[in-house]
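As structure tokens, the structure follows; a few thoughts come after it.
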Amino acid sequence: MKLRLFAGVSALVVTAGLSACSSSSDASDGRTAIDVWLMRDSVSDQFQKDFVKGFEAAHPDIDVKVQIQEWDGIGEKVTAALASSDAPDVIETGNTQVAQFAQSGGLLDLSDKVGELGGKDWLKGLAEPGAFEGKQYGIPYYAANRVVIYRTDLFEKAGVDPAAIRTRDQWTAATRKLNTGGTQGIYLPGQNWYTLAGFVWDEGGDLATESGGKWQGALDTPEAVRGMEFYKKLQALGRGPKDSDEATPPQADVMAKGKVAQIISSPGGANTVVENNPALKDKLGFFPIPGKTADAPGAVFTGGSDLVIPTASAKQDAAYTFVKELTGDTWQKKLAVAMSYVPNKTTLSGAVASDPGASAMAVGAAEGHATPNTPGWAAVEAKNPIKDYLTAVLTGGDAQKEATKASEAITTAMNSGT
């Protein structure tokens, strides 16, 4: 899932509730036209058409006009729209972007709608970053997260049963068996920091913590350092580069060469592997990233999108009706099946039971997390000292000393605008 963070621009804080606004009609037939911004490739053209057709049939008084937006530059575009008097009525935004936009005061507070939207069952990796300063602005839309993509034939040859891999210890033991001859037990690039974050969360640590309105890097805590130590142990069971991430080179391309038993990726990575090497069709499987114990899968970063309603919208009632339908159970099940996504509620995971990749994601999504919920995190990702930290430790640096340096860099970045 593409998730990008952008620096926000301050705007006047505006507060509004659905009870204080009314939809306005702008067509001679009395229909209310709402403008909706959805992101490129988030859903298929067919799903979008099916939803709009179904929605308009169920709500004949509302006309939906969808505009597809590009990910590049979307932060600046949304920020400008929220500060204008001509904002769209519904916007899809990356889940980690909501705090950025909410800080400007340009998003409608939907806290009083959480109950009727089934918020108690939302994935926390979507719901938590959709909230800001105790108020809910983003409504969970869909989720995707990382799983283990593995070679079924190589596992069988090595006598490894993937169904028996429930814990980290079992995972590393299996990976050692797979790491023989010319085969890498796992291809794990040194700077795959989202994977590191999962191991840190498993240990009870975090990337950063907040106290008294100030954020502080937390990679130097004992818990976080233990997460780094496990990353180093796992990364050594392959020949992944220590100084680049999963995109350089693309890890699916590396797996397609036929000498890699496992990668950590969203399930869509399997499609890329097969596109590059059709001989691997029907030879790829999926399982959730294992946890410290068999009681729960490993923690994962939850990517995905939320839907928000600008305060500048003059048609907030109709906009809310749209959001309620698209994030409701009926269409969430259809979306999950059509796109192999994880539905926005834990209670809907059965919708993807027949999809091996999506069902593995759904298991992991129950332990989903998000990056620190603050606009200041954008500055961290811009320079990303976590990647430098990973490389430093993997090339022989002392984990505690390097963690302290990385935490100091995170602290400086997160508070640079305060």
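Every chain in the structure tokens takes a letter, A first, then B, and so on in the order presented; its residues are numbered from 1, and the ligands are numbered from 1 following the presented order.
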
> Leaving out Pro129 (chain A) and any residue of its chain fewer than 3 positions from it, which residues lie within 6 Å of it when counting only C-alpha atoms, given as a ChimeraX atom specification?
Replying inline: /A:95-96,126,373

For the residues in the current selection, export all heavy atoms as a PDB file, in the first residue's frame.
```pdb
ATOM      1  N   ASN A  95      -3.785   6.347   5.995  1.00  0.00           N
ATOM      2  CA  ASN A  95      -4.126   6.384   7.421  1.00  0.00           C
ATOM      3  C   ASN A  95      -3.150   7.210   8.244  1.00  0.00           C
ATOM      4  O   ASN A  95      -3.554   7.887   9.191  1.00  0.00           O
ATOM      5  CB  ASN A  95      -4.266   4.961   7.987  1.00  0.00           C
ATOM      6  CG  ASN A  95      -3.008   4.116   7.855  1.00  0.00           C
ATOM      7  OD1 ASN A  95      -2.189   4.324   6.957  1.00  0.00           O
ATOM      8  ND2 ASN A  95      -2.866   3.138   8.726  1.00  0.00           N
ATOM      9  N   THR A  96      -1.873   7.202   7.887  1.00  0.00           N
ATOM     10  CA  THR A  96      -0.902   7.962   8.666  1.00  0.00           C
ATOM     11  C   THR A  96      -0.884   9.446   8.318  1.00  0.00           C
ATOM     12  O   THR A  96      -0.150  10.219   8.924  1.00  0.00           O
ATOM     13  CB  THR A  96       0.505   7.384   8.483  1.00  0.00           C
ATOM     14  OG1 THR A  96       0.863   7.427   7.096  1.00  0.00           O
ATOM     15  CG2 THR A  96       0.572   5.955   8.980  1.00  0.00           C
ATOM     16  N   LEU A 126      -5.852   1.176  11.736  1.00  0.00           N
ATOM     17  CA  LEU A 126      -6.524   2.193  10.930  1.00  0.00           C
ATOM     18  C   LEU A 126      -7.218   3.216  11.818  1.00  0.00           C
ATOM     19  O   LEU A 126      -7.205   4.414  11.529  1.00  0.00           O
ATOM     20  CB  LEU A 126      -7.570   1.544  10.012  1.00  0.00           C
ATOM     21  CG  LEU A 126      -7.076   0.667   8.870  1.00  0.00           C
ATOM     22  CD1 LEU A 126      -8.264   0.102   8.095  1.00  0.00           C
ATOM     23  CD2 LEU A 126      -6.178   1.442   7.916  1.00  0.00           C
ATOM     24  N   ASN A 373       1.393   8.784  16.097  1.00  0.00           N
ATOM     25  CA  ASN A 373       0.272   9.568  15.586  1.00  0.00           C
ATOM     26  C   ASN A 373       0.470  11.057  15.867  1.00  0.00           C
ATOM     27  O   ASN A 373      -0.134  11.629  16.775  1.00  0.00           O
ATOM     28  CB  ASN A 373      -1.033   9.065  16.211  1.00  0.00           C
ATOM     29  CG  ASN A 373      -2.251   9.664  15.537  1.00  0.00           C
ATOM     30  OD1 ASN A 373      -2.161  10.201  14.441  1.00  0.00           O
ATOM     31  ND2 ASN A 373      -3.392   9.571  16.192  1.00  0.00           N
TER      32      ASN A 373
END
```

> If you run DSSP on this backbone, which residues of region 143-327 of chain A come out as strand (DSSP E or B), and could you give them as number ranges by chain?
Replying inline: A: 143-144, 147-151, 167, 184, 208-211, 214-217, 247, 250, 260, 262-265, 284-287, 291, 300-301, 303-308, 310

Could you turn the residues from that selection into a file that holds C-alpha atoms, as a compact mmCIF listing (two decimals), in the first residue's frame?
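Result saved to again-v4.txt:
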```txt
# COMPACT_ATOMS: atom_id res chain seq x y z
CA ALA A 143 -6.02 -2.21 5.26
CA ALA A 144 -2.99 -4.08 4.00
CA VAL A 147 3.14 -11.30 5.57
CA VAL A 148 5.76 -13.94 4.78
CA ILE A 149 5.72 -15.02 1.13
CA TYR A 150 7.41 -18.39 0.81
CA ARG A 151 8.40 -20.98 -1.79
CA THR A 167 6.81 -18.50 16.92
CA GLN A 184 18.82 -17.88 0.83
CA ALA A 208 8.83 7.15 19.73
CA THR A 209 6.84 8.15 22.79
CA GLU A 210 5.11 11.35 23.87
CA SER A 211 5.19 13.10 27.23
CA LYS A 214 6.92 16.57 23.40
CA TRP A 215 7.92 13.52 21.40
CA GLN A 216 11.05 11.50 22.03
CA GLY A 217 12.73 8.75 20.05
CA ALA A 247 12.90 -1.37 -3.10
CA PRO A 250 12.98 -4.69 -5.62
CA VAL A 260 15.12 -17.16 -2.20
CA GLN A 262 11.10 -16.25 1.85
CA ILE A 263 10.52 -12.52 1.73
CA ILE A 264 8.47 -10.21 3.98
CA SER A 265 6.00 -8.30 1.82
CA LEU A 284 4.20 -19.42 -3.58
CA GLY A 285 2.40 -19.47 -0.26
CA PHE A 286 1.74 -17.08 2.64
CA PHE A 287 1.75 -17.11 6.42
CA GLY A 291 5.09 -13.70 17.08
CA VAL A 300 2.86 -5.47 11.79
CA PHE A 301 2.59 -1.98 10.43
CA GLY A 303 -1.01 0.39 5.82
CA GLY A 304 -4.21 1.49 4.19
CA SER A 305 -6.61 4.37 3.92
CA ASP A 306 -9.21 6.29 5.89
CA LEU A 307 -12.06 8.44 4.60
CA VAL A 308 -12.40 12.00 5.86
CA PRO A 310 -13.67 18.39 5.11
```

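Closest approach to Thr293 (chain A) among A:Gln170, A:Asn415, A:Ser44, A:Thr404 is made by A:Gln170 (distances from only C-alpha atoms).
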
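Counting only C-alpha atoms and comparing A:Leu219, A:Ala83, A:Ile186, A:Ala58, the residue that lies closest to Ser407 (chain A) is A:Leu219.
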
>> Calculated over only C-alpha atoms, which of the candidates A:Ala279, A:Ala360, A:Ala127, A:Ala299 has the smallest distance to Val200 (chain A)?
In response: A:Ala299

> Please, which residues of region 14-165 of chain A, numbered as in this document, come out helix (DSSP H, G or I) from DSSP, as a ChimeraX atom specification?
Replying inline: /A:18-20,45-58,74-82,95-103,111-113,119-121,124-127,152-158,162-164

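Going from CA of Thr272 (chain A) over to CA of Tyr194 (chain A), you cover 20.0 Å.
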
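Here CA of Trp201 (chain A) is placed at a distance of 23.3 Å from CA of Thr347 (chain A).
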
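Using only C-alpha atoms, the residues found no farther than 7 Å from region 382-388 of chain A, other than those of its own chain fewer than 2 positions away, are Gln191, Trp193, Ala378, Ala379, Val380, Leu390, Thr391, Ala392, Ala406, Ala409 and Ile410 of chain A.
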
Resulting file, chosen residues, all heavy atoms, as a PDB file, in the first residue's frame:
```pdb
ATOM      1  N   GLN A 191      17.582  -2.362   5.438  1.00  0.00           N
ATOM      2  CA  GLN A 191      16.871  -1.146   5.832  1.00  0.00           C
ATOM      3  C   GLN A 191      15.346  -1.281   5.755  1.00  0.00           C
ATOM      4  O   GLN A 191      14.634  -0.293   5.586  1.00  0.00           O
ATOM      5  CB  GLN A 191      17.331   0.025   4.965  1.00  0.00           C
ATOM      6  CG  GLN A 191      18.796   0.389   5.171  1.00  0.00           C
ATOM      7  CD  GLN A 191      19.208   1.628   4.397  1.00  0.00           C
ATOM      8  OE1 GLN A 191      18.518   2.081   3.491  1.00  0.00           O
ATOM      9  NE2 GLN A 191      20.356   2.190   4.750  1.00  0.00           N
ATOM     10  N   TRP A 193      12.692  -0.989   7.498  1.00  0.00           N
ATOM     11  CA  TRP A 193      12.420  -0.494   8.844  1.00  0.00           C
ATOM     12  C   TRP A 193      10.998  -0.773   9.320  1.00  0.00           C
ATOM     13  O   TRP A 193      10.744  -0.854  10.528  1.00  0.00           O
ATOM     14  CB  TRP A 193      12.740   1.002   8.932  1.00  0.00           C
ATOM     15  CG  TRP A 193      11.807   1.913   8.198  1.00  0.00           C
ATOM     16  CD1 TRP A 193      11.865   2.259   6.891  1.00  0.00           C
ATOM     17  CD2 TRP A 193      10.693   2.616   8.741  1.00  0.00           C
ATOM     18  NE1 TRP A 193      10.850   3.125   6.576  1.00  0.00           N
ATOM     19  CE2 TRP A 193      10.117   3.370   7.699  1.00  0.00           C
ATOM     20  CE3 TRP A 193      10.115   2.688  10.010  1.00  0.00           C
ATOM     21  CZ2 TRP A 193       9.005   4.178   7.879  1.00  0.00           C
ATOM     22  CZ3 TRP A 193       8.998   3.499  10.200  1.00  0.00           C
ATOM     23  CH2 TRP A 193       8.452   4.227   9.137  1.00  0.00           C
ATOM     24  N   ALA A 378       6.274  13.057   9.984  1.00  0.00           N
ATOM     25  CA  ALA A 378       6.651  13.287   8.587  1.00  0.00           C
ATOM     26  C   ALA A 378       8.122  13.667   8.469  1.00  0.00           C
ATOM     27  O   ALA A 378       8.814  13.239   7.540  1.00  0.00           O
ATOM     28  CB  ALA A 378       5.775  14.382   7.981  1.00  0.00           C
ATOM     29  N   ALA A 379       8.606  14.448   9.419  1.00  0.00           N
ATOM     30  CA  ALA A 379      10.003  14.878   9.381  1.00  0.00           C
ATOM     31  C   ALA A 379      10.951  13.709   9.623  1.00  0.00           C
ATOM     32  O   ALA A 379      12.064  13.683   9.100  1.00  0.00           O
ATOM     33  CB  ALA A 379      10.237  15.972  10.421  1.00  0.00           C
ATOM     34  N   VAL A 380      10.519  12.737  10.406  1.00  0.00           N
ATOM     35  CA  VAL A 380      11.346  11.563  10.656  1.00  0.00           C
ATOM     36  C   VAL A 380      11.506  10.758   9.371  1.00  0.00           C
ATOM     37  O   VAL A 380      12.617  10.371   8.988  1.00  0.00           O
ATOM     38  CB  VAL A 380      10.736  10.684  11.763  1.00  0.00           C
ATOM     39  CG1 VAL A 380      11.579   9.421  11.957  1.00  0.00           C
ATOM     40  CG2 VAL A 380      10.649  11.465  13.067  1.00  0.00           C
ATOM     41  N   LEU A 390      19.742   0.870  11.257  1.00  0.00           N
ATOM     42  CA  LEU A 390      19.775  -0.523  10.850  1.00  0.00           C
ATOM     43  C   LEU A 390      21.103  -0.883  10.187  1.00  0.00           C
ATOM     44  O   LEU A 390      21.751  -1.879  10.537  1.00  0.00           O
ATOM     45  CB  LEU A 390      18.612  -0.812   9.896  1.00  0.00           C
ATOM     46  CG  LEU A 390      17.255  -1.061  10.541  1.00  0.00           C
ATOM     47  CD1 LEU A 390      16.131  -0.778   9.539  1.00  0.00           C
ATOM     48  CD2 LEU A 390      17.156  -2.491  11.046  1.00  0.00           C
ATOM     49  N   THR A 391      21.514  -0.073   9.237  1.00  0.00           N
ATOM     50  CA  THR A 391      22.765  -0.352   8.530  1.00  0.00           C
ATOM     51  C   THR A 391      23.952  -0.330   9.485  1.00  0.00           C
ATOM     52  O   THR A 391      24.849  -1.182   9.410  1.00  0.00           O
ATOM     53  CB  THR A 391      22.975   0.661   7.396  1.00  0.00           C
ATOM     54  OG1 THR A 391      21.951   0.483   6.411  1.00  0.00           O
ATOM     55  CG2 THR A 391      24.329   0.473   6.735  1.00  0.00           C
ATOM     56  N   ALA A 392      23.957   0.630  10.398  1.00  0.00           N
ATOM     57  CA  ALA A 392      25.078   0.738  11.335  1.00  0.00           C
ATOM     58  C   ALA A 392      25.210  -0.512  12.197  1.00  0.00           C
ATOM     59  O   ALA A 392      26.314  -1.032  12.403  1.00  0.00           O
ATOM     60  CB  ALA A 392      24.896   1.970  12.218  1.00  0.00           C
ATOM     61  N   ALA A 406      20.173   7.179  17.005  1.00  0.00           N
ATOM     62  CA  ALA A 406      18.951   7.225  16.196  1.00  0.00           C
ATOM     63  C   ALA A 406      17.813   7.868  16.966  1.00  0.00           C
ATOM     64  O   ALA A 406      17.037   8.656  16.409  1.00  0.00           O
ATOM     65  CB  ALA A 406      18.567   5.814  15.759  1.00  0.00           C
ATOM     66  N   ALA A 409      18.157  11.574  16.953  1.00  0.00           N
ATOM     67  CA  ALA A 409      17.787  12.127  15.645  1.00  0.00           C
ATOM     68  C   ALA A 409      16.269  12.166  15.478  1.00  0.00           C
ATOM     69  O   ALA A 409      15.718  13.118  14.920  1.00  0.00           O
ATOM     70  CB  ALA A 409      18.445  11.303  14.533  1.00  0.00           C
ATOM     71  N   ILE A 410      15.591  11.120  15.936  1.00  0.00           N
ATOM     72  CA  ILE A 410      14.127  11.091  15.873  1.00  0.00           C
ATOM     73  C   ILE A 410      13.537  12.203  16.723  1.00  0.00           C
ATOM     74  O   ILE A 410      12.614  12.916  16.301  1.00  0.00           O
ATOM     75  CB  ILE A 410      13.608   9.715  16.328  1.00  0.00           C
ATOM     76  CG1 ILE A 410      13.948   8.644  15.284  1.00  0.00           C
ATOM     77  CG2 ILE A 410      12.092   9.759  16.550  1.00  0.00           C
ATOM     78  CD1 ILE A 410      13.642   7.225  15.735  1.00  0.00           C
TER      79      ILE A 410
END
```
